[in-house]
Amino acid sequence: MPYGPHTVADRERMLAVLGISTVDELFEDIPIELRSGGLDLPEPEPELQLSARLQALAGRNRTDLVSFLGAGVYRHWSPPAVDQLLVRGEWYTAYTPYQPEVSQGTLQSIYEYESLLAELTGLDVVSASHYDGAAATAEAALMTCRQTRRDRVIVSRAVHPHYRETVRTYFGPRLELDEIPLVADGERAGMTDLDALERLLADPDRPVAGVVVAQPNFLGLLEDMPRVAELTHAAGALFVAVIEPVSLAVLAPPAAYGADIAAGEGQPLGIPPQYGGPYLGILAATEPLIRQIPGRLVGMTTDLDGRRAFVMTLRAREQDIRRDKAASNICTNQALLALAASIYLAAIGPHGLRDVAALGAARARELEEALAAAGAPRLHPGPYLNEFAVRVPAARAVHRRLIERGILAGLVLADALPDQPGLDDGLLVCATEVTTGDDIDRFAAALADELRAEPGGRAAGHLATGTR
Amino acid sequence: MGVVGPRLQPTLNERSRPGRGGGKIPHPPAGALDRIPAAALRDTPPALPELNEPDVVRHYVNLSHLNYAVDTGFYPLGSCTMKFNPKLNEWAARLPGFAQLHPYAPDEVAQGTLQLLFELEQWLAEISGMRAVTLQPAAGAQGELTGILMIRAYHRARGDVERDEVLVPDSSHGTNPATASMAGFRTITIPSAADGGVDVAAFEASLGPRTAAVMITNPSTLGLFESRIGLLLDEVHAAGALAYMDGANLNAILGRFKPGEAGFDVMHFNVHKTFSTPHGGGGPGAGPVGVGEQLLPFLPSPRVLRDADGSYRLERPGERPTSIGRLRSFVGNTGVLVRAYAYLRAHGGSGLREVSDDAVLAANYLKHRVAQAFDIPYDRPCKHEFVASATSLKKKTGVRTLDIAKRLIDKGFHPPTIYFPLIVDEGMLIEPTETESLETLDAFADALIEIAGEAEADPELVTTAPHSAPVRRLDEATAARQPNLRWRPMTGRQMPCPD
């Protein structure tokens with residue numbers, strides 16, 4: 001066994017102390033008929049060969065593509081300080097700070113995480129982390145039901161499809177879930193249909209616990225959040241805003257437009273995409289919801305000598321204390337990712353974070369113009385920050401051919417939102433501070449080429465070359 | 001000032017000075033946000049702390065010194081399997097090919113990771129004796145929810161809609177009853193018998209046509225193998241219910257007992273316990289779930305599939321309508337799973353069996369030594385962990401398990417899990433793991449025995465411990481009564497920094 005310390009003599013000594021001759025005797029409480037015959041697994045591999053194998057496997061992934069893919073997970077530059085601090089064993093090989101006297105590092109870092117996210121969202125109570133944006137959104141939806149004692153939640157179809165599916169799974173047949181359609185055309189195309197929301201809220205027999213809307217929404221568009229808040233609160237429901245944390249450097253914080261809960265994906269705060277996780281589920285709420293929020297909370301206190309210190313608190317919400325009456329079953333969370341986000345925010349600072357958001361917006365604008373000139377205009381006219389949908393004839397085929405040219409041309413919307421009409425020719429693309437002018441030029445040129453080759457895109461392609 | 005060793009630190013906000021920092025990100029062109037409606041923008045920038053990089057680095061390095069961790073010492077936290085976290089695995093997860101892969105990347109550019117996930121699923125199926133495995137759940141508790149939702153779907157698919165109860169032994173993790181509640185079931189708590197196993201008579205009395213599932217941790221949270229498991233599983237199935245195994249304690253039985261072969265219908269793995277992925281100060285983990293034949297149709301989507309041509313792909317949306325759906329975004333905590341994959345490759349089948357053999361041997365050895373000074377409520381061979389109790393010592397000296405735990409800190413050890421499982425008076429759940437040397441085990445046993453002596457000679461020394469930690473015991477009551485959960489500049493209640 002590669003990481004075990006015991007010599008033959010050690011094992012013999014332990015067996016002798018126990019008065020037994022083989023370790024098998026310690027397994028005699030497993031009924032004979034239920035004992036297993038062994039494990040049919042590969043042979044043990046020394047680290048030298050294993051490292052080569054892992055490198056080869058990683059090499060089979062293509063991460064060399066020039067990427068415009070976002071859709072909930074964003075490429076950002078992270079100061080190397082973040083990862084260099086994270087690989088300290090004192091952080092990543094500790095566990096939940098059950099013993100506060102020897103966990104002040106983790107506890108203070110969580111308190112600081114809560115403070116940083118409270119500042120970004122404007123909401124005072126921040127949970128120490130959930131699994132990801134989807135699970136945090138599901139927990140937020142459940143919070144609205146517990147608080148209002150109602151059992152119906154309304155989610156905009158412009159919320160990330162994985163988040164909506166996760167809410168549905170968590171709800172099961174017990175709780176009701178309705179979706180708000182998107183506006184089909186006109187100035188507000190691709191945005192949450194607020195008239196439809198008003199109708200859904202108006203049913204007196206089916207009172208609504210919560211309304212869930214994303215800012216920016218899945219298609220990158222900026223919603224009228226103050227209006228959503230107004231409609232939601234008029235119906236006695238709670239408003240859950242699904243947020244993206246980097247954007248909060250420049251966009252109005254959830255508290256400013258009246259959200260009661262903010263949920264979202266913290267991955268953009270210095271966490272690599274790593275094919276789906278581990279990420280950081282952000283969950284924040286107003287003070288009146290403090291007893292409903294699930295997950296760990298860390299508070300400031302003092303020790304016996306009056307020294308300031310930090311401790312897990314309001315534990316009566318948690319599963320290990322309340323068992324079947326707990327606010328959630330969550331135990332292991334994403335603490336190390338909350339630490340990563342905190343270090344990222346500390347290292348990049350408020351001005352740096354604003355620059356990240358604004359530079360992404362500027363690059364996205366350049367991308368919009370270049371793609372339009374290449375024959376792929378925006379699909380929706382509404383305002384956006386750094387992500388938007390474009391119309392590309394035969395989007396799926398063009399997307400595939402662009403990979404061969406070294407370009408990952410965003411997300412094929414028809415694949416991600418198969419039930420949403422009007423997106424058949426859509427690609428969802430984003431730019432961030434790491435997107436360069438060269439990247440944009442390569443994408444636009446390759447796309448113009450492909451559209452010239454694509455029968456449906458010929459006219460647009462000619463137009464593109466004319467305006468370039 | 002002038003103190004050597006870990007010291008309490010000011011907060012980020014206290015370190016902040018207006019105008020510090022910068023040099024990381026180029027400034028955007030002027031007017032970059034002009035096209036965005038003013039109503040959608042912030043009025044005032046967020047008041048985040050302003051620091052330069054040296055400040056940030058010292059802050060987090062100094063804070064880290066206040067932590068106890070596996071990399072700094074023995075961490076026998078029962079039920080958490082705090083084994084060594086191999087460094088190769090940290091390196092592997094950071095390889096750009098793994099770390100920089102976008103989760104929406106088309107299958108053809110993600111073949112390396114998809115192959116890794118596919119193989120890992122096969123191995124976990126082999127280890128558990130299950131038919132198939134999903135890697136999606138982000139933690140053990142989410143694995144439990146996945147399992148119980150699949151069980152619910154199974155009963156509903158058979159039109160068996162009256163089953164609204166889940167049976168859970170009183171020694172279980174709190175996540176089991178909390179999971180049952182989340183899935184809309186009522187929890188029925190089953191008492192333990194005198195030998196620490198499930199009380200069969202009480203179990204039989206509760207089992208019936210309303211039972212949807214039974215959740216059993218095996219070995220139990222007392223560190224004991226449930227020897228009557230064959231009988232219990234037969235009865236569960238005879239009643240038309242399904243059996244869930246909480247796999248938190250899998251580290252004891254690798255290669256010795258396969259839950260799927262024994263008759264469990266579904267189980268979760270805690271890869272951050274059994275397969276050495278780091279605990280991260282509270283997470284991340286990963287909680288893959290293995291299922292038998294009947295639950296196969298209900299697995300969360302997407303699954304990782306291998307096509308006839310040997311290429312790998314993710315199941316497409318809607319491809320398997322019987323699925324319970326998804327529990328989170330994308331495929332799972334892939335970065336954690338890369339580490340688990342490396343761990344399984346490094347050990348192979350023979351190495352995993354040795355892991356359990358050594359974990360169980362170490363626990364029994366330590367139990368034998370600790371028995372010199374403490375009660376052992378269930379005195380039979382344990383698996384990878386055991387419960388000791390300070391009941392007798394408390395009667396004699398007034399010193400409680402909490403005090404002993406705090407005194408262990410002074411002796412350089414992380415305390416074990418205390419007051420869990422709830423059914424043991426003054427309990428300490430001690431799990432040494434297979435990666436701790438005999439010298440360490442002996443030193444820990446010596447420390448516990450020494451504390452028992454101190455409790456008799458000088459109880460106050462123990463009841464006022466710790467004496468050498470960065471802080472003494474904390475005022476938890478005030479923390480809960482007047483919660484201070486975020487930094488607020490200029491509020492009267494802000495407590496000054498100790499330095």
# chains A, B, ... in the order shown; residues from 1 in each chain; ligands from 1
$ residues_around --residues "B:Pro300" --least-positions-apart "4" --cutoff "9 Å" --atoms "only C-alpha atoms" --output "VMD selection string"
chain B and resid 134 136 146 150 323 to 327
$ select_by_dssp --residues "stretch 114-363 of chain B" --states "helix (DSSP H, G or I)" --output "PDB file with C-alpha atoms, in the first residue's frame"
ATOM      1  CA  LEU B 114     -14.965  11.191 -19.856  1.00  0.00           C
ATOM      2  CA  GLN B 115     -12.788   8.064 -19.984  1.00  0.00           C
ATOM      3  CA  LEU B 116     -11.565   8.754 -16.448  1.00  0.00           C
ATOM      4  CA  LEU B 117     -15.124   9.158 -15.178  1.00  0.00           C
ATOM      5  CA  PHE B 118     -16.290   6.044 -17.000  1.00  0.00           C
ATOM      6  CA  GLU B 119     -13.497   3.888 -15.549  1.00  0.00           C
ATOM      7  CA  LEU B 120     -14.044   5.311 -12.081  1.00  0.00           C
ATOM      8  CA  GLU B 121     -17.730   4.360 -12.288  1.00  0.00           C
ATOM      9  CA  GLN B 122     -16.777   0.789 -13.236  1.00  0.00           C
ATOM     10  CA  TRP B 123     -14.357   0.484 -10.333  1.00  0.00           C
ATOM     11  CA  LEU B 124     -16.795   1.865  -7.793  1.00  0.00           C
ATOM     12  CA  ALA B 125     -19.367  -0.629  -9.086  1.00  0.00           C
ATOM     13  CA  GLU B 126     -16.838  -3.434  -8.537  1.00  0.00           C
ATOM     14  CA  ILE B 127     -15.944  -2.212  -5.032  1.00  0.00           C
ATOM     15  CA  SER B 128     -19.603  -1.942  -3.989  1.00  0.00           C
ATOM     16  CA  GLY B 140     -22.400  12.178   0.845  1.00  0.00           C
ATOM     17  CA  ALA B 141     -25.581  13.940   1.904  1.00  0.00           C
ATOM     18  CA  GLN B 142     -26.443  14.706  -1.710  1.00  0.00           C
ATOM     19  CA  GLY B 143     -25.738  11.050  -2.496  1.00  0.00           C
ATOM     20  CA  GLU B 144     -28.249  10.099   0.167  1.00  0.00           C
ATOM     21  CA  LEU B 145     -30.831  12.415  -1.357  1.00  0.00           C
ATOM     22  CA  THR B 146     -30.124  10.909  -4.779  1.00  0.00           C
ATOM     23  CA  GLY B 147     -30.624   7.403  -3.410  1.00  0.00           C
ATOM     24  CA  ILE B 148     -33.820   8.182  -1.546  1.00  0.00           C
ATOM     25  CA  LEU B 149     -35.288  10.048  -4.542  1.00  0.00           C
ATOM     26  CA  MET B 150     -34.541   7.007  -6.727  1.00  0.00           C
ATOM     27  CA  ILE B 151     -36.270   4.775  -4.190  1.00  0.00           C
ATOM     28  CA  ARG B 152     -39.256   7.105  -4.222  1.00  0.00           C
ATOM     29  CA  ALA B 153     -39.324   6.986  -8.029  1.00  0.00           C
ATOM     30  CA  TYR B 154     -39.084   3.180  -7.946  1.00  0.00           C
ATOM     31  CA  HIS B 155     -42.114   2.807  -5.690  1.00  0.00           C
ATOM     32  CA  ARG B 156     -44.134   5.341  -7.668  1.00  0.00           C
ATOM     33  CA  ALA B 157     -43.281   3.639 -10.941  1.00  0.00           C
ATOM     34  CA  THR B 175     -27.879  13.389   7.404  1.00  0.00           C
ATOM     35  CA  ASN B 176     -30.011  10.206   7.115  1.00  0.00           C
ATOM     36  CA  PRO B 177     -33.156  11.543   8.814  1.00  0.00           C
ATOM     37  CA  ALA B 178     -32.554  15.001   7.307  1.00  0.00           C
ATOM     38  CA  THR B 179     -32.414  13.409   3.860  1.00  0.00           C
ATOM     39  CA  ALA B 180     -35.603  11.458   4.441  1.00  0.00           C
ATOM     40  CA  SER B 181     -37.356  14.707   5.406  1.00  0.00           C
ATOM     41  CA  MET B 182     -36.040  16.542   2.356  1.00  0.00           C
ATOM     42  CA  VAL B 200     -34.396  -6.623  15.457  1.00  0.00           C
ATOM     43  CA  ALA B 201     -37.693  -6.754  17.369  1.00  0.00           C
ATOM     44  CA  ALA B 202     -38.127  -2.973  17.159  1.00  0.00           C
ATOM     45  CA  PHE B 203     -37.081  -3.079  13.531  1.00  0.00           C
ATOM     46  CA  GLU B 204     -39.671  -5.733  12.693  1.00  0.00           C
ATOM     47  CA  ALA B 205     -42.348  -3.801  14.557  1.00  0.00           C
ATOM     48  CA  SER B 206     -41.711  -0.677  12.475  1.00  0.00           C
ATOM     49  CA  ILE B 229     -27.435  -7.638   8.166  1.00  0.00           C
ATOM     50  CA  GLY B 230     -28.477 -10.678   6.108  1.00  0.00           C
ATOM     51  CA  LEU B 231     -31.646 -11.101   8.148  1.00  0.00           C
ATOM     52  CA  LEU B 232     -32.427  -7.383   8.103  1.00  0.00           C
ATOM     53  CA  LEU B 233     -32.059  -7.154   4.339  1.00  0.00           C
ATOM     54  CA  ASP B 234     -34.293 -10.197   3.799  1.00  0.00           C
ATOM     55  CA  GLU B 235     -36.977  -8.627   5.933  1.00  0.00           C
ATOM     56  CA  VAL B 236     -36.701  -5.250   4.193  1.00  0.00           C
ATOM     57  CA  HIS B 237     -37.245  -6.883   0.826  1.00  0.00           C
ATOM     58  CA  ALA B 238     -40.009  -9.155   2.085  1.00  0.00           C
ATOM     59  CA  LEU B 250     -16.557   1.865   3.650  1.00  0.00           C
ATOM     60  CA  ASN B 251     -12.905   2.261   4.639  1.00  0.00           C
ATOM     61  CA  ALA B 252     -13.337  -0.743   6.943  1.00  0.00           C
ATOM     62  CA  PRO B 259     -23.025  -4.120  -0.152  1.00  0.00           C
ATOM     63  CA  GLY B 260     -24.582  -4.852  -3.545  1.00  0.00           C
ATOM     64  CA  GLU B 261     -23.754  -8.556  -3.337  1.00  0.00           C
ATOM     65  CA  ALA B 262     -25.113  -8.704   0.192  1.00  0.00           C
ATOM     66  CA  GLU B 293     -30.708  -3.562 -11.121  1.00  0.00           C
ATOM     67  CA  GLN B 294     -34.106  -2.179 -10.021  1.00  0.00           C
ATOM     68  CA  LEU B 295     -32.903   1.387  -9.550  1.00  0.00           C
ATOM     69  CA  LEU B 296     -30.890   1.529 -12.760  1.00  0.00           C
ATOM     70  CA  PRO B 297     -33.607   3.334 -14.762  1.00  0.00           C
ATOM     71  CA  PHE B 298     -33.821   6.112 -12.183  1.00  0.00           C
ATOM     72  CA  THR B 334     -14.916  16.226 -11.405  1.00  0.00           C
ATOM     73  CA  GLY B 335     -11.788  17.749  -9.878  1.00  0.00           C
ATOM     74  CA  VAL B 336     -12.416  15.669  -6.752  1.00  0.00           C
ATOM     75  CA  LEU B 337     -13.057  12.573  -8.844  1.00  0.00           C
ATOM     76  CA  VAL B 338      -9.702  12.950 -10.633  1.00  0.00           C
ATOM     77  CA  ARG B 339      -8.040  12.630  -7.222  1.00  0.00           C
ATOM     78  CA  ALA B 340     -10.119   9.568  -6.339  1.00  0.00           C
ATOM     79  CA  TYR B 341      -9.212   7.974  -9.670  1.00  0.00           C
ATOM     80  CA  ALA B 342      -5.511   8.482  -8.981  1.00  0.00           C
ATOM     81  CA  TYR B 343      -5.939   7.000  -5.507  1.00  0.00           C
ATOM     82  CA  LEU B 344      -7.646   3.874  -6.852  1.00  0.00           C
ATOM     83  CA  ARG B 345      -5.022   3.417  -9.572  1.00  0.00           C
ATOM     84  CA  ALA B 346      -2.210   3.792  -7.039  1.00  0.00           C
ATOM     85  CA  HIS B 347      -3.714   1.128  -4.777  1.00  0.00           C
ATOM     86  CA  GLY B 348      -5.344  -1.334  -7.121  1.00  0.00           C
ATOM     87  CA  GLY B 349      -7.482  -4.117  -5.709  1.00  0.00           C
ATOM     88  CA  SER B 350      -4.772  -5.554  -3.455  1.00  0.00           C
ATOM     89  CA  GLY B 351      -3.845  -2.152  -2.056  1.00  0.00           C
ATOM     90  CA  LEU B 352      -7.454  -1.322  -1.199  1.00  0.00           C
ATOM     91  CA  ARG B 353      -7.807  -4.529   0.747  1.00  0.00           C
ATOM     92  CA  GLU B 354      -4.643  -3.649   2.656  1.00  0.00           C
ATOM     93  CA  VAL B 355      -6.123  -0.211   3.368  1.00  0.00           C
ATOM     94  CA  SER B 356      -9.037  -1.797   5.195  1.00  0.00           C
ATOM     95  CA  ASP B 357      -6.909  -4.424   6.890  1.00  0.00           C
ATOM     96  CA  ASP B 358      -4.560  -1.808   8.287  1.00  0.00           C
ATOM     97  CA  ALA B 359      -7.357   0.613   9.207  1.00  0.00           C
ATOM     98  CA  VAL B 360      -9.140  -2.113  11.171  1.00  0.00           C
ATOM     99  CA  LEU B 361      -5.953  -3.425  12.761  1.00  0.00           C
ATOM    100  CA  ALA B 362      -4.949   0.070  13.865  1.00  0.00           C
ATOM    101  CA  ALA B 363      -8.399   0.772  15.328  1.00  0.00           C
TER     102      ALA B 363
END
$ residues_around --residues "A:Trp91" --least-positions-apart "3" --cutoff "9 Å" --atoms "only C-alpha atoms" --output "list in words"
Leu85, Leu86, Val87, Arg88, Ala94, Tyr95, Gly105, Thr106, Leu336 and Leu339 of chain A; Ser64, Asn67, Tyr68, Ala69, Gly280 and Gly281 of chain B
$ write_last_selection --atoms "N, CA and C atoms" --output "mmCIF file, in the first residue's frame"
data_model
loop_
_atom_site.group_PDB
_atom_site.id
_atom_site.type_symbol
_atom_site.label_atom_id
_atom_site.label_comp_id
_atom_site.auth_asym_id
_atom_site.auth_seq_id
_atom_site.Cartn_x
_atom_site.Cartn_y
_atom_site.Cartn_z
ATOM 1 N N LEU A 85 -1.718 29.673 -2.233
ATOM 2 C CA LEU A 85 -2.185 29.656 -0.842
ATOM 3 C C LEU A 85 -3.098 28.455 -0.583
ATOM 4 N N LEU A 86 -3.873 28.092 -1.594
ATOM 5 C CA LEU A 86 -4.793 26.962 -1.425
ATOM 6 C C LEU A 86 -4.081 25.639 -1.228
ATOM 7 N N VAL A 87 -2.879 25.473 -1.789
ATOM 8 C CA VAL A 87 -2.193 24.185 -1.644
ATOM 9 C C VAL A 87 -1.484 24.054 -0.293
ATOM 10 N N ARG A 88 -1.669 24.990 0.588
ATOM 11 C CA ARG A 88 -1.156 24.773 1.947
ATOM 12 C C ARG A 88 -2.001 23.698 2.636
ATOM 13 N N ALA A 94 -7.583 20.019 6.495
ATOM 14 C CA ALA A 94 -8.416 20.131 7.703
ATOM 15 C C ALA A 94 -9.857 19.782 7.326
ATOM 16 N N TYR A 95 -10.708 19.629 8.356
ATOM 17 C CA TYR A 95 -12.125 19.403 8.053
ATOM 18 C C TYR A 95 -12.953 20.470 8.761
ATOM 19 N N GLY A 105 -8.198 29.556 11.806
ATOM 20 C CA GLY A 105 -7.884 29.945 10.426
ATOM 21 C C GLY A 105 -9.075 29.739 9.518
ATOM 22 N N THR A 106 -9.601 28.516 9.533
ATOM 23 C CA THR A 106 -10.771 28.216 8.706
ATOM 24 C C THR A 106 -11.959 29.076 9.127
ATOM 25 N N LEU A 336 -13.443 24.865 0.774
ATOM 26 C CA LEU A 336 -12.165 25.242 0.169
ATOM 27 C C LEU A 336 -12.384 26.181 -1.019
ATOM 28 N N LEU A 339 -12.965 29.562 0.291
ATOM 29 C CA LEU A 339 -11.660 30.147 0.595
ATOM 30 C C LEU A 339 -11.006 30.680 -0.682
ATOM 31 N N SER B 64 -3.534 30.311 8.223
ATOM 32 C CA SER B 64 -3.426 28.853 8.073
ATOM 33 C C SER B 64 -2.725 28.248 9.286
ATOM 34 N N ASN B 67 -4.718 26.655 12.084
ATOM 35 C CA ASN B 67 -5.483 25.424 11.825
ATOM 36 C C ASN B 67 -4.709 24.178 12.203
ATOM 37 N N TYR B 68 -5.415 23.200 12.694
ATOM 38 C CA TYR B 68 -4.887 21.840 12.807
ATOM 39 C C TYR B 68 -5.370 21.095 11.561
ATOM 40 N N ALA B 69 -4.522 20.237 10.995
ATOM 41 C CA ALA B 69 -4.871 19.553 9.746
ATOM 42 C C ALA B 69 -4.146 18.220 9.682
ATOM 43 N N GLY B 280 -10.758 19.734 2.809
ATOM 44 C CA GLY B 280 -10.885 21.133 2.432
ATOM 45 C C GLY B 280 -11.412 22.083 3.497
ATOM 46 N N GLY B 281 -11.318 21.726 4.769
ATOM 47 C CA GLY B 281 -11.861 22.603 5.804
ATOM 48 C C GLY B 281 -13.383 22.551 5.866
#
$ closest_residue --among "A:Leu194, A:Ile271, A:Val390, A:Val211" --to "chain B" --atoms "only C-alpha atoms"
A:Ile271
$ select_by_dssp --residues "stretch 97-228 of chain A" --states "strand (DSSP E)" --output "list in words"
Val125, Val126, Arg152, Val153, Ile154, Val155, Ser156, Glu176, Leu177, Asp178, Glu179, Ile180, Gly210, Val211, Val212, Val213, Ala214 and Gln215 of chain A
$ write_last_selection --atoms "N, CA and C atoms" --output "compact mmCIF listing (two decimals), in the first residue's frame"
# COMPACT_ATOMS: atom_id res chain seq x y z
N VAL A 125 -26.92 37.86 5.53
CA VAL A 125 -26.66 36.50 6.00
C VAL A 125 -26.18 35.65 4.83
N VAL A 126 -24.95 35.19 4.91
CA VAL A 126 -24.36 34.43 3.81
C VAL A 126 -23.97 33.05 4.35
N ARG A 152 -45.61 26.53 -3.65
CA ARG A 152 -45.51 26.72 -5.10
C ARG A 152 -44.45 27.77 -5.39
N VAL A 153 -43.56 27.44 -6.30
CA VAL A 153 -42.49 28.37 -6.68
C VAL A 153 -42.52 28.56 -8.18
N ILE A 154 -42.22 29.78 -8.60
CA ILE A 154 -42.21 30.11 -10.03
C ILE A 154 -40.79 30.45 -10.45
N VAL A 155 -40.32 29.77 -11.48
CA VAL A 155 -38.94 29.97 -11.94
C VAL A 155 -38.97 30.44 -13.40
N SER A 156 -38.21 31.46 -13.68
CA SER A 156 -38.13 31.95 -15.06
C SER A 156 -37.42 30.93 -15.95
N GLU A 176 -44.93 22.43 -5.85
CA GLU A 176 -45.31 22.79 -7.21
C GLU A 176 -44.31 23.73 -7.84
N LEU A 177 -44.04 23.52 -9.10
CA LEU A 177 -43.09 24.37 -9.80
C LEU A 177 -43.70 24.82 -11.12
N ASP A 178 -43.75 26.12 -11.33
CA ASP A 178 -44.21 26.65 -12.61
C ASP A 178 -43.08 27.45 -13.24
N GLU A 179 -43.08 27.49 -14.56
CA GLU A 179 -42.05 28.25 -15.25
C GLU A 179 -42.65 29.47 -15.94
N ILE A 180 -41.92 30.57 -15.88
CA ILE A 180 -42.34 31.78 -16.58
C ILE A 180 -41.75 31.72 -17.99
N GLY A 210 -42.28 31.65 -3.77
CA GLY A 210 -41.10 32.36 -4.26
C GLY A 210 -41.07 32.49 -5.76
N VAL A 211 -40.36 33.51 -6.23
CA VAL A 211 -40.14 33.73 -7.66
C VAL A 211 -38.63 33.77 -7.89
N VAL A 212 -38.17 33.01 -8.88
CA VAL A 212 -36.73 32.88 -9.13
C VAL A 212 -36.41 33.44 -10.52
N VAL A 213 -35.58 34.49 -10.56
CA VAL A 213 -35.19 35.11 -11.83
C VAL A 213 -33.68 35.37 -11.78
N ALA A 214 -33.01 35.20 -12.91
CA ALA A 214 -31.55 35.35 -12.96
C ALA A 214 -31.14 36.69 -13.55
N GLN A 215 -30.03 37.23 -13.02
CA GLN A 215 -29.47 38.50 -13.50
C GLN A 215 -27.96 38.40 -13.58
$ closest_residue --among "B:Lys396, B:Pro284, B:Ala40, B:Gly208" --to "A:Leu337" --atoms "only C-alpha atoms"
B:Pro284
$ closest_residue --among "B:Lys383, B:His59, B:Arg42, B:Arg303" --to "chain A" --atoms "only C-alpha atoms"
B:Arg42
$ residues_around --residues "A:Pro216" --least-positions-apart "5" --cutoff "10 Å" --atoms "only C-alpha atoms" --output "number ranges by chain"
A: 158-159, 191, 221-223, 225, 241-244, 247, 251, 383-387; B: 40
$ write_last_selection --atoms "C-alpha atoms" --output "compact mmCIF listing (two decimals), in the first residue's frame"
# COMPACT_ATOMS: atom_id res chain seq x y z
CA ALA A 158 -34.27 32.28 -18.46
CA VAL A 159 -32.69 30.67 -15.39
CA MET A 191 -36.23 38.11 -21.28
CA LEU A 221 -29.68 39.60 -20.98
CA LEU A 222 -30.27 42.04 -18.15
CA GLU A 223 -33.73 41.67 -16.62
CA MET A 225 -35.25 43.08 -11.53
CA ALA A 241 -32.23 36.44 -7.54
CA VAL A 242 -29.81 34.08 -9.29
CA ILE A 243 -26.62 36.10 -9.47
CA GLU A 244 -23.16 35.92 -11.06
CA SER A 247 -21.00 41.04 -12.45
CA LEU A 251 -24.47 45.57 -11.60
CA PRO A 383 -29.08 44.98 -22.85
CA TYR A 384 -26.35 42.52 -21.85
CA LEU A 385 -23.14 42.57 -19.86
CA ASN A 386 -20.62 40.13 -21.38
CA GLU A 387 -22.63 37.27 -22.85
CA ALA B 40 -29.22 47.90 -13.97
$ residues_around --residues "A:Gln147" --least-positions-apart "3" --cutoff "12 Å" --atoms "only C-alpha atoms" --output "list in words"
Ala140, Ala141, Leu142, Met143, Thr144, Arg150, Asp151, Val208, Ala209, Gly210, Gly236, Ala237, Leu238, Phe239, Asp260, Ile261, Ala285, Pro288, Leu289, Ile290, Arg291, Gln292, Ile293 and Ala327 of chain A
$ residues_around --residues "stretch 22-36 of chain B" --least-positions-apart "2" --cutoff "8 Å" --atoms "only C-alpha atoms" --output "short mmCIF file (atom, residue, chain, number, x, y, z; two decimals) with C-alpha atoms, in the first residue's frame"
data_model
loop_
_atom_site.label_atom_id
_atom_site.label_comp_id
_atom_site.auth_asym_id
_atom_site.auth_seq_id
_atom_site.Cartn_x
_atom_site.Cartn_y
_atom_site.Cartn_z
CA PRO A 79 -3.73 35.57 -9.57
CA ILE A 348 -7.87 41.35 -6.98
CA GLY A 349 -9.54 44.02 -4.85
CA HIS A 351 -11.07 48.07 -8.36
CA GLY A 352 -9.64 44.94 -9.94
CA ASP A 355 -12.05 46.14 -14.13
CA VAL A 356 -12.64 42.42 -14.70
CA ALA A 358 -16.02 46.16 -17.27
CA LEU A 359 -13.25 44.72 -19.44
CA ALA A 361 -18.21 43.98 -21.13
CA ALA A 362 -15.89 45.91 -23.45
CA PRO A 383 -29.08 44.98 -22.85
CA TYR A 384 -26.35 42.52 -21.85
CA LEU A 385 -23.14 42.57 -19.86
CA ARG B 20 -3.81 49.73 -1.81
CA ALA B 38 -28.22 52.96 -15.55
CA ALA B 40 -29.22 47.90 -13.97
CA LEU B 41 -25.95 49.30 -12.59
CA ASN B 52 -1.64 44.56 -1.76
#
$ residues_around --residues "A:Ala347" --least-positions-apart "2" --cutoff "10 Å" --atoms "only C-alpha atoms" --output "list in words"
Ser78, Pro79, Pro80, Ala81, Val82, Ala341, Ser342, Ile343, Tyr344, Leu345, Gly349, Pro350, Gly352 and Leu353 of chain A; Gly21, Gly22, Lys24, Pro49, Glu50, Leu51, Asn52, Glu53, Pro54, Asp55, Val56 and Val57 of chain B
$ decode --residues "stretch 135-147 of chain B" --atoms "C-alpha atoms" --output "JSON list (two decimals), in the first residue's frame"
[["chain", "number", "residue", "atom", "x", "y", "z"],
["B", 135, "LEU", "CA", -20.72, 10.33, -9.99],
["B", 136, "GLN", "CA", -22.98, 13.38, -9.93],
["B", 137, "PRO", "CA", -23.70, 13.94, -6.21],
["B", 138, "ALA", "CA", -21.43, 16.60, -4.71],
["B", 139, "ALA", "CA", -21.22, 15.11, -1.23],
["B", 140, "GLY", "CA", -22.40, 12.18, 0.85],
["B", 141, "ALA", "CA", -25.58, 13.94, 1.90],
["B", 142, "GLN", "CA", -26.44, 14.71, -1.71],
["B", 143, "GLY", "CA", -25.74, 11.05, -2.50],
["B", 144, "GLU", "CA", -28.25, 10.10, 0.17],
["B", 145, "LEU", "CA", -30.83, 12.41, -1.36],
["B", 146, "THR", "CA", -30.12, 10.91, -4.78],
["B", 147, "GLY", "CA", -30.62, 7.40, -3.41]]
